[in-house]
Amino acid sequence: FLTGGEKHRSVKNTGKLVHGILAEIITAEDIEPACNKAFREGRISEDERNTIFMKLQNSLQNPEINRWFDGSFTILNERNLLAPGKLLRPDRMMVSGKHAIVVDYKWGEKMPEKYHNQVFSYAETLKKCGFEKVEGFLWYINQDEVEQVV
């Protein structure tokens with residue numbers, strides 16, 4: 001996904017960088033400023049900024065992803081959920097009335113059992129918080145795939 005000779009990053013490090021950028025994005029209009037900020041702060045190169053920006057912009061062609069960034073939900077990025085005996089931290093929660101959507105971003109290879117359990121636990125916790133309709137998704141950003149778990 002990202003290449004740059006000497007500045008080639010591992011998949012794990014690139015995933016963390018993209019997570020950090022996405023944590024600052026509420027609506028689609030925030031994508032370019034968030035990418036530019038990461039570049040100005042020296043976290044990514046200019047080529048990486050351009051690649052990440054284009055990747056995220058292109059992802060908005062998917063109607064499911066587009067609705068997450070259209071401004072119709074209250075967004076809670078990287079917020080804690082308290083569950084019995086543990087603290088959960090989904091990447092993005094979107095709420096509107098009694099409807100909640102939770103999305104976890106994944107960068108590397110798919111690990112369905114592990115990741116499904118993770119999203120399922122987020123959704124169950126939100127249901128216990130009083131949300132009547134809860135949807136849970138995995139967004140494999142690098143593969144440009146969305147998988148509904150709940």
# chains A, B, ... in the order shown; residues from 1 in each chain; ligands from 1
>>> residues_around(residues="Thr74 (chain A)", least_positions_apart="3", cutoff="7 Å", atoms="only C-alpha atoms", output="mmCIF file with all heavy atoms, in the first residue's frame")
data_model
loop_
_atom_site.group_PDB
_atom_site.id
_atom_site.type_symbol
_atom_site.label_atom_id
_atom_site.label_comp_id
_atom_site.auth_asym_id
_atom_site.auth_seq_id
_atom_site.Cartn_x
_atom_site.Cartn_y
_atom_site.Cartn_z
ATOM 1 N N MET A 94 -20.768 5.252 15.952
ATOM 2 C CA MET A 94 -21.664 6.259 15.399
ATOM 3 C C MET A 94 -23.033 6.046 16.016
ATOM 4 O O MET A 94 -23.528 4.919 16.045
ATOM 5 C CB MET A 94 -21.731 6.106 13.874
ATOM 6 C CG MET A 94 -20.392 6.370 13.206
ATOM 7 S SD MET A 94 -20.218 5.573 11.604
ATOM 8 C CE MET A 94 -19.651 3.949 12.086
ATOM 9 N N VAL A 95 -23.603 7.110 16.533
ATOM 10 C CA VAL A 95 -24.902 6.982 17.191
ATOM 11 C C VAL A 95 -25.885 8.013 16.659
ATOM 12 O O VAL A 95 -25.513 9.137 16.317
ATOM 13 C CB VAL A 95 -24.781 7.099 18.733
ATOM 14 C CG1 VAL A 95 -23.943 5.973 19.300
ATOM 15 C CG2 VAL A 95 -24.209 8.427 19.145
ATOM 16 N N SER A 96 -27.137 7.583 16.596
ATOM 17 C CA SER A 96 -28.249 8.448 16.225
ATOM 18 C C SER A 96 -29.478 7.899 16.926
ATOM 19 O O SER A 96 -29.958 6.808 16.574
ATOM 20 C CB SER A 96 -28.441 8.463 14.707
ATOM 21 O OG SER A 96 -29.542 9.272 14.360
#
>>> select_by_dssp(residues="chain A", states="strand (DSSP E)", output="PyMOL selection string")
chain A and resi 74-77+81-83+86-88+92-96+99-106+133-140+145-148
>>> write_last_selection(atoms="N, CA, C and O atoms", output="short mmCIF file (atom, residue, chain, number, x, y, z; two decimals), in the first residue's frame")
data_model
loop_
_atom_site.label_atom_id
_atom_site.label_comp_id
_atom_site.auth_asym_id
_atom_site.auth_seq_id
_atom_site.Cartn_x
_atom_site.Cartn_y
_atom_site.Cartn_z
N THR A 74 -23.69 11.09 15.31
CA THR A 74 -22.74 11.61 16.29
C THR A 74 -21.59 10.62 16.32
O THR A 74 -21.82 9.41 16.45
N ILE A 75 -20.37 11.11 16.19
CA ILE A 75 -19.20 10.24 16.07
C ILE A 75 -18.41 10.21 17.37
O ILE A 75 -18.14 11.25 17.97
N LEU A 76 -18.04 9.01 17.76
CA LEU A 76 -17.18 8.79 18.93
C LEU A 76 -15.99 7.96 18.46
O LEU A 76 -16.10 6.75 18.30
N ASN A 77 -14.89 8.62 18.19
CA ASN A 77 -13.67 7.93 17.74
C ASN A 77 -12.80 7.57 18.93
O ASN A 77 -12.58 8.40 19.82
N LEU A 81 -15.40 1.86 26.11
CA LEU A 81 -16.67 1.24 26.52
C LEU A 81 -16.34 0.37 27.73
O LEU A 81 -15.43 -0.46 27.67
N LEU A 82 -17.09 0.54 28.79
CA LEU A 82 -16.87 -0.26 29.98
C LEU A 82 -17.75 -1.50 29.92
O LEU A 82 -18.97 -1.42 29.84
N ALA A 83 -17.10 -2.65 29.90
CA ALA A 83 -17.79 -3.94 29.90
C ALA A 83 -17.41 -4.67 31.19
O ALA A 83 -16.39 -4.34 31.80
N LYS A 86 -13.66 -5.54 31.89
CA LYS A 86 -12.68 -5.08 30.90
C LYS A 86 -13.11 -3.75 30.28
O LYS A 86 -14.26 -3.33 30.38
N LEU A 87 -12.14 -3.14 29.66
CA LEU A 87 -12.35 -1.89 28.95
C LEU A 87 -12.19 -2.15 27.46
O LEU A 87 -11.20 -2.72 27.03
N LEU A 88 -13.20 -1.77 26.68
CA LEU A 88 -13.16 -1.96 25.23
C LEU A 88 -12.93 -0.62 24.56
O LEU A 88 -13.35 0.42 25.08
N ARG A 92 -14.34 3.34 15.91
CA ARG A 92 -15.34 4.35 15.58
C ARG A 92 -16.72 3.85 15.99
O ARG A 92 -17.12 2.76 15.63
N MET A 93 -17.42 4.69 16.76
CA MET A 93 -18.82 4.43 17.09
C MET A 93 -19.63 5.59 16.53
O MET A 93 -19.22 6.75 16.62
N MET A 94 -20.77 5.25 15.95
CA MET A 94 -21.66 6.26 15.40
C MET A 94 -23.03 6.05 16.02
O MET A 94 -23.53 4.92 16.05
N VAL A 95 -23.60 7.11 16.53
CA VAL A 95 -24.90 6.98 17.19
C VAL A 95 -25.89 8.01 16.66
O VAL A 95 -25.51 9.14 16.32
N SER A 96 -27.14 7.58 16.60
CA SER A 96 -28.25 8.45 16.22
C SER A 96 -29.48 7.90 16.93
O SER A 96 -29.96 6.81 16.57
N HIS A 99 -29.98 4.07 17.68
CA HIS A 99 -29.24 3.31 16.66
C HIS A 99 -27.75 3.56 16.86
O HIS A 99 -27.32 4.71 17.00
N ALA A 100 -26.97 2.50 16.87
CA ALA A 100 -25.52 2.62 16.99
C ALA A 100 -24.84 1.73 15.96
O ALA A 100 -25.30 0.63 15.67
N ILE A 101 -23.75 2.24 15.42
CA ILE A 101 -22.90 1.47 14.50
C ILE A 101 -21.50 1.52 15.08
O ILE A 101 -21.02 2.57 15.49
N VAL A 102 -20.86 0.36 15.10
CA VAL A 102 -19.49 0.29 15.57
C VAL A 102 -18.63 -0.29 14.45
O VAL A 102 -19.03 -1.24 13.78
N VAL A 103 -17.47 0.33 14.24
CA VAL A 103 -16.56 -0.10 13.19
C VAL A 103 -15.17 -0.26 13.77
O VAL A 103 -14.70 0.60 14.53
N ASP A 104 -14.54 -1.36 13.43
CA ASP A 104 -13.15 -1.55 13.81
C ASP A 104 -12.34 -1.60 12.53
O ASP A 104 -12.69 -2.32 11.59
N TYR A 105 -11.28 -0.80 12.48
CA TYR A 105 -10.41 -0.74 11.30
C TYR A 105 -9.35 -1.82 11.40
O TYR A 105 -8.74 -2.00 12.44
N LYS A 106 -9.12 -2.49 10.30
CA LYS A 106 -8.06 -3.49 10.22
C LYS A 106 -7.20 -3.19 9.02
O LYS A 106 -7.70 -2.80 7.96
N LYS A 133 -30.98 -0.75 18.07
CA LYS A 133 -30.45 -1.27 16.81
C LYS A 133 -28.95 -1.04 16.82
O LYS A 133 -28.48 0.10 16.92
N VAL A 134 -28.20 -2.13 16.73
CA VAL A 134 -26.73 -2.04 16.75
C VAL A 134 -26.19 -2.82 15.55
O VAL A 134 -26.56 -3.97 15.33
N GLU A 135 -25.32 -2.16 14.81
CA GLU A 135 -24.63 -2.79 13.69
C GLU A 135 -23.14 -2.78 13.99
O GLU A 135 -22.63 -1.82 14.59
N GLY A 136 -22.45 -3.83 13.58
CA GLY A 136 -21.00 -3.90 13.79
C GLY A 136 -20.29 -4.32 12.52
O GLY A 136 -20.73 -5.26 11.84
N PHE A 137 -19.20 -3.61 12.20
CA PHE A 137 -18.48 -3.85 10.96
C PHE A 137 -16.98 -3.93 11.19
O PHE A 137 -16.45 -3.30 12.11
N LEU A 138 -16.33 -4.67 10.32
CA LEU A 138 -14.88 -4.65 10.17
C LEU A 138 -14.59 -3.97 8.85
O LEU A 138 -15.21 -4.29 7.83
N TRP A 139 -13.68 -3.01 8.88
CA TRP A 139 -13.27 -2.34 7.65
C TRP A 139 -11.82 -2.69 7.41
O TRP A 139 -10.94 -2.23 8.12
N TYR A 140 -11.59 -3.55 6.42
CA TYR A 140 -10.24 -3.92 6.01
C TYR A 140 -9.78 -2.85 5.01
O TYR A 140 -10.02 -2.96 3.81
N GLU A 145 -12.31 -3.53 1.79
CA GLU A 145 -13.44 -4.42 2.03
C GLU A 145 -14.11 -4.08 3.35
O GLU A 145 -13.44 -3.72 4.31
N VAL A 146 -15.42 -4.22 3.35
CA VAL A 146 -16.21 -4.05 4.56
C VAL A 146 -16.94 -5.35 4.84
O VAL A 146 -17.51 -5.95 3.93
N GLU A 147 -16.91 -5.77 6.08
CA GLU A 147 -17.57 -7.00 6.46
C GLU A 147 -18.52 -6.72 7.63
O GLU A 147 -18.06 -6.22 8.66
N GLN A 148 -19.79 -7.00 7.45
CA GLN A 148 -20.73 -6.80 8.55
C GLN A 148 -20.68 -8.02 9.47
O GLN A 148 -20.80 -9.15 9.02
#
>>> atom_distance(atom1="CA of Val119 (chain A)", atom2="CA of Arg89 (chain A)")
10.2 Å
>>> residues_around(residues="Cys35 (chain A)", least_positions_apart="2", cutoff="10 Å", atoms="only C-alpha atoms", output="mmCIF file with all heavy atoms, in the first residue's frame")
data_model
loop_
_atom_site.group_PDB
_atom_site.id
_atom_site.type_symbol
_atom_site.label_atom_id
_atom_site.label_comp_id
_atom_site.auth_asym_id
_atom_site.auth_seq_id
_atom_site.Cartn_x
_atom_site.Cartn_y
_atom_site.Cartn_z
ATOM 1 N N VAL A 18 -2.497 5.142 9.922
ATOM 2 C CA VAL A 18 -3.818 5.357 9.329
ATOM 3 C C VAL A 18 -4.885 5.411 10.426
ATOM 4 O O VAL A 18 -5.798 6.243 10.369
ATOM 5 C CB VAL A 18 -4.132 4.289 8.260
ATOM 6 C CG1 VAL A 18 -5.558 4.426 7.747
ATOM 7 C CG2 VAL A 18 -3.143 4.394 7.101
ATOM 8 N N GLY A 20 -4.440 6.582 13.390
ATOM 9 C CA GLY A 20 -4.289 7.919 13.979
ATOM 10 C C GLY A 20 -4.952 8.989 13.132
ATOM 11 O O GLY A 20 -5.581 9.914 13.663
ATOM 12 N N ILE A 21 -4.820 8.873 11.830
ATOM 13 C CA ILE A 21 -5.465 9.832 10.934
ATOM 14 C C ILE A 21 -6.981 9.695 11.023
ATOM 15 O O ILE A 21 -7.713 10.682 11.164
ATOM 16 C CB ILE A 21 -4.958 9.648 9.486
ATOM 17 C CG1 ILE A 21 -3.489 10.085 9.390
ATOM 18 C CG2 ILE A 21 -5.831 10.418 8.495
ATOM 19 C CD1 ILE A 21 -2.795 9.691 8.101
ATOM 20 N N LEU A 22 -7.482 8.460 10.976
ATOM 21 C CA LEU A 22 -8.927 8.231 11.041
ATOM 22 C C LEU A 22 -9.530 8.680 12.372
ATOM 23 O O LEU A 22 -10.695 9.065 12.424
ATOM 24 C CB LEU A 22 -9.240 6.757 10.777
ATOM 25 C CG LEU A 22 -9.164 6.345 9.316
ATOM 26 C CD1 LEU A 22 -9.108 4.827 9.179
ATOM 27 C CD2 LEU A 22 -10.332 6.910 8.523
ATOM 28 N N GLU A 24 -9.075 11.321 13.781
ATOM 29 C CA GLU A 24 -9.348 12.758 13.704
ATOM 30 C C GLU A 24 -10.443 13.098 12.701
ATOM 31 O O GLU A 24 -10.762 14.272 12.505
ATOM 32 C CB GLU A 24 -8.059 13.489 13.337
ATOM 33 C CG GLU A 24 -6.972 13.297 14.377
ATOM 34 C CD GLU A 24 -5.714 14.068 14.056
ATOM 35 O OE1 GLU A 24 -5.799 15.085 13.352
ATOM 36 O OE2 GLU A 24 -4.655 13.645 14.529
ATOM 37 N N ILE A 25 -11.012 12.094 12.070
ATOM 38 C CA ILE A 25 -11.988 12.335 11.011
ATOM 39 C C ILE A 25 -13.409 12.089 11.522
ATOM 40 O O ILE A 25 -13.717 11.006 12.013
ATOM 41 C CB ILE A 25 -11.688 11.431 9.792
ATOM 42 C CG1 ILE A 25 -10.309 11.786 9.216
ATOM 43 C CG2 ILE A 25 -12.787 11.559 8.747
ATOM 44 C CD1 ILE A 25 -9.832 10.839 8.125
ATOM 45 N N ASP A 30 -13.228 16.020 6.546
ATOM 46 C CA ASP A 30 -12.072 16.033 7.450
ATOM 47 C C ASP A 30 -10.906 15.184 6.947
ATOM 48 O O ASP A 30 -9.825 15.219 7.543
ATOM 49 C CB ASP A 30 -12.484 15.517 8.838
ATOM 50 C CG ASP A 30 -13.580 16.359 9.462
ATOM 51 O OD1 ASP A 30 -13.594 17.587 9.251
ATOM 52 O OD2 ASP A 30 -14.443 15.772 10.153
ATOM 53 N N ILE A 31 -11.111 14.407 5.887
ATOM 54 C CA ILE A 31 -10.064 13.492 5.426
ATOM 55 C C ILE A 31 -8.814 14.247 4.995
ATOM 56 O O ILE A 31 -7.711 13.958 5.466
ATOM 57 C CB ILE A 31 -10.584 12.566 4.305
ATOM 58 C CG1 ILE A 31 -11.656 11.621 4.857
ATOM 59 C CG2 ILE A 31 -9.431 11.770 3.685
ATOM 60 C CD1 ILE A 31 -12.370 10.793 3.795
ATOM 61 N N GLU A 32 -8.978 15.217 4.114
ATOM 62 C CA GLU A 32 -7.804 15.938 3.618
ATOM 63 C C GLU A 32 -7.092 16.712 4.732
ATOM 64 O O GLU A 32 -5.865 16.593 4.859
ATOM 65 C CB GLU A 32 -8.185 16.873 2.464
ATOM 66 C CG GLU A 32 -6.971 17.492 1.803
ATOM 67 C CD GLU A 32 -7.309 18.239 0.532
ATOM 68 O OE1 GLU A 32 -8.495 18.584 0.310
ATOM 69 O OE2 GLU A 32 -6.381 18.472 -0.257
ATOM 70 N N PRO A 33 -7.808 17.468 5.590
ATOM 71 C CA PRO A 33 -7.105 18.153 6.681
ATOM 72 C C PRO A 33 -6.377 17.198 7.633
ATOM 73 O O PRO A 33 -5.282 17.510 8.102
ATOM 74 C CB PRO A 33 -8.214 18.919 7.407
ATOM 75 C CG PRO A 33 -9.299 19.087 6.401
ATOM 76 C CD PRO A 33 -9.212 17.876 5.509
ATOM 77 N N LYS A 37 -2.413 17.292 8.263
ATOM 78 C CA LYS A 37 -1.882 17.470 9.606
ATOM 79 C C LYS A 37 -0.803 16.421 9.911
ATOM 80 O O LYS A 37 0.257 16.750 10.444
ATOM 81 C CB LYS A 37 -3.007 17.378 10.642
ATOM 82 C CG LYS A 37 -2.528 17.542 12.067
ATOM 83 C CD LYS A 37 -3.675 17.417 13.059
ATOM 84 C CE LYS A 37 -3.142 17.509 14.471
ATOM 85 N NZ LYS A 37 -4.152 17.140 15.462
ATOM 86 N N ALA A 38 -1.075 15.166 9.552
ATOM 87 C CA ALA A 38 -0.087 14.103 9.778
ATOM 88 C C ALA A 38 1.200 14.399 9.010
ATOM 89 O O ALA A 38 2.301 14.160 9.506
ATOM 90 C CB ALA A 38 -0.657 12.746 9.382
ATOM 91 N N PHE A 39 1.066 14.945 7.808
ATOM 92 C CA PHE A 39 2.234 15.321 7.004
ATOM 93 C C PHE A 39 2.986 16.477 7.662
ATOM 94 O O PHE A 39 4.212 16.418 7.819
ATOM 95 C CB PHE A 39 1.792 15.690 5.579
ATOM 96 C CG PHE A 39 2.869 16.315 4.762
ATOM 97 C CD1 PHE A 39 3.991 15.581 4.379
ATOM 98 C CD2 PHE A 39 2.784 17.646 4.379
ATOM 99 C CE1 PHE A 39 5.002 16.159 3.620
ATOM 100 C CE2 PHE A 39 3.782 18.236 3.622
ATOM 101 C CZ PHE A 39 4.889 17.491 3.250
ATOM 102 N N ARG A 40 2.270 17.531 8.051
ATOM 103 C CA ARG A 40 2.910 18.699 8.694
ATOM 104 C C ARG A 40 3.646 18.313 9.970
ATOM 105 O O ARG A 40 4.674 18.889 10.303
ATOM 106 C CB ARG A 40 1.872 19.769 9.018
ATOM 107 C CG ARG A 40 1.445 20.612 7.860
ATOM 108 C CD ARG A 40 0.651 21.837 8.303
ATOM 109 N NE ARG A 40 -0.348 21.561 9.318
ATOM 110 C CZ ARG A 40 -1.595 21.163 9.087
ATOM 111 N NH1 ARG A 40 -2.006 20.968 7.856
ATOM 112 N NH2 ARG A 40 -2.437 20.957 10.075
ATOM 113 N N ARG A 43 4.688 12.857 10.584
ATOM 114 C CA ARG A 43 4.357 11.446 10.813
ATOM 115 C C ARG A 43 4.326 10.647 9.522
ATOM 116 O O ARG A 43 4.504 9.431 9.548
ATOM 117 C CB ARG A 43 3.012 11.318 11.540
ATOM 118 C CG ARG A 43 3.061 11.838 12.976
ATOM 119 C CD ARG A 43 1.744 11.621 13.691
ATOM 120 N NE ARG A 43 0.781 12.622 13.245
ATOM 121 C CZ ARG A 43 -0.536 12.416 13.157
ATOM 122 N NH1 ARG A 43 -1.053 11.254 13.476
ATOM 123 N NH2 ARG A 43 -1.341 13.372 12.755
ATOM 124 N N ILE A 44 4.058 11.329 8.400
ATOM 125 C CA ILE A 44 4.025 10.664 7.092
ATOM 126 C C ILE A 44 4.709 11.564 6.069
ATOM 127 O O ILE A 44 4.798 12.775 6.257
ATOM 128 C CB ILE A 44 2.574 10.352 6.630
ATOM 129 C CG1 ILE A 44 1.718 11.619 6.566
ATOM 130 C CG2 ILE A 44 1.941 9.284 7.511
ATOM 131 C CD1 ILE A 44 0.320 11.407 5.990
ATOM 132 N N GLU A 46 5.134 13.127 2.066
ATOM 133 C CA GLU A 46 4.172 13.703 1.131
ATOM 134 C C GLU A 46 3.542 12.616 0.257
ATOM 135 O O GLU A 46 2.333 12.632 0.013
ATOM 136 C CB GLU A 46 4.847 14.751 0.246
ATOM 137 C CG GLU A 46 3.878 15.489 -0.644
ATOM 138 C CD GLU A 46 4.518 16.644 -1.384
ATOM 139 O OE1 GLU A 46 5.751 16.803 -1.331
ATOM 140 O OE2 GLU A 46 3.753 17.381 -2.027
ATOM 141 N N GLU A 48 3.125 9.475 1.095
ATOM 142 C CA GLU A 48 2.204 8.737 1.960
ATOM 143 C C GLU A 48 0.913 9.522 2.159
ATOM 144 O O GLU A 48 -0.176 8.955 2.128
ATOM 145 C CB GLU A 48 2.861 8.432 3.303
ATOM 146 C CG GLU A 48 3.952 7.398 3.211
ATOM 147 C CD GLU A 48 4.746 7.262 4.492
ATOM 148 O OE1 GLU A 48 4.985 8.277 5.179
ATOM 149 O OE2 GLU A 48 5.135 6.119 4.806
ATOM 150 N N ARG A 49 1.050 10.823 2.371
ATOM 151 C CA ARG A 49 -0.146 11.662 2.533
ATOM 152 C C ARG A 49 -1.057 11.517 1.313
ATOM 153 O O ARG A 49 -2.261 11.302 1.452
ATOM 154 C CB ARG A 49 0.242 13.125 2.721
ATOM 155 C CG ARG A 49 -0.989 14.038 2.796
ATOM 156 C CD ARG A 49 -0.667 15.480 2.686
ATOM 157 N NE ARG A 49 -0.084 15.739 1.374
ATOM 158 C CZ ARG A 49 0.452 16.896 1.023
ATOM 159 N NH1 ARG A 49 0.492 17.892 1.869
ATOM 160 N NH2 ARG A 49 0.955 17.058 -0.182
ATOM 161 N N ASN A 50 -0.480 11.645 0.130
ATOM 162 C CA ASN A 50 -1.271 11.558 -1.096
ATOM 163 C C ASN A 50 -1.913 10.188 -1.251
ATOM 164 O O ASN A 50 -3.090 10.074 -1.621
ATOM 165 C CB ASN A 50 -0.400 11.879 -2.311
ATOM 166 C CG ASN A 50 0.097 13.315 -2.294
ATOM 167 O OD1 ASN A 50 -0.481 14.181 -1.638
ATOM 168 N ND2 ASN A 50 1.179 13.556 -2.997
ATOM 169 N N THR A 51 -1.161 9.141 -0.954
ATOM 170 C CA THR A 51 -1.678 7.775 -1.084
ATOM 171 C C THR A 51 -2.803 7.514 -0.089
ATOM 172 O O THR A 51 -3.853 6.967 -0.461
ATOM 173 C CB THR A 51 -0.541 6.756 -0.892
ATOM 174 O OG1 THR A 51 0.473 7.014 -1.857
ATOM 175 C CG2 THR A 51 -1.047 5.330 -1.036
ATOM 176 N N ILE A 52 -2.604 7.898 1.162
ATOM 177 C CA ILE A 52 -3.637 7.685 2.190
ATOM 178 C C ILE A 52 -4.887 8.482 1.849
ATOM 179 O O ILE A 52 -6.008 7.975 1.931
ATOM 180 C CB ILE A 52 -3.100 8.035 3.590
ATOM 181 C CG1 ILE A 52 -2.018 7.036 4.006
ATOM 182 C CG2 ILE A 52 -4.234 8.067 4.622
ATOM 183 C CD1 ILE A 52 -1.221 7.445 5.225
ATOM 184 N N PHE A 53 -4.701 9.739 1.451
ATOM 185 C CA PHE A 53 -5.847 10.574 1.089
ATOM 186 C C PHE A 53 -6.660 9.934 -0.034
ATOM 187 O O PHE A 53 -7.883 9.808 0.058
ATOM 188 C CB PHE A 53 -5.382 11.975 0.685
ATOM 189 C CG PHE A 53 -6.488 12.826 0.128
ATOM 190 C CD1 PHE A 53 -7.484 13.312 0.959
ATOM 191 C CD2 PHE A 53 -6.546 13.109 -1.222
ATOM 192 C CE1 PHE A 53 -8.537 14.073 0.436
ATOM 193 C CE2 PHE A 53 -7.583 13.866 -1.752
ATOM 194 C CZ PHE A 53 -8.581 14.358 -0.919
ATOM 195 N N LEU A 56 -8.527 6.734 1.160
ATOM 196 C CA LEU A 56 -9.714 7.029 1.963
ATOM 197 C C LEU A 56 -10.814 7.650 1.099
ATOM 198 O O LEU A 56 -11.988 7.300 1.249
ATOM 199 C CB LEU A 56 -9.350 7.928 3.144
ATOM 200 C CG LEU A 56 -8.421 7.292 4.177
ATOM 201 C CD1 LEU A 56 -8.062 8.293 5.270
ATOM 202 C CD2 LEU A 56 -9.019 6.036 4.784
#
>>> select_by_dssp(residues="chain A", states="helix (DSSP H, G or I)", output="number ranges by chain")
A: 5-7, 11-22, 28-40, 46-59, 63-68, 112-128
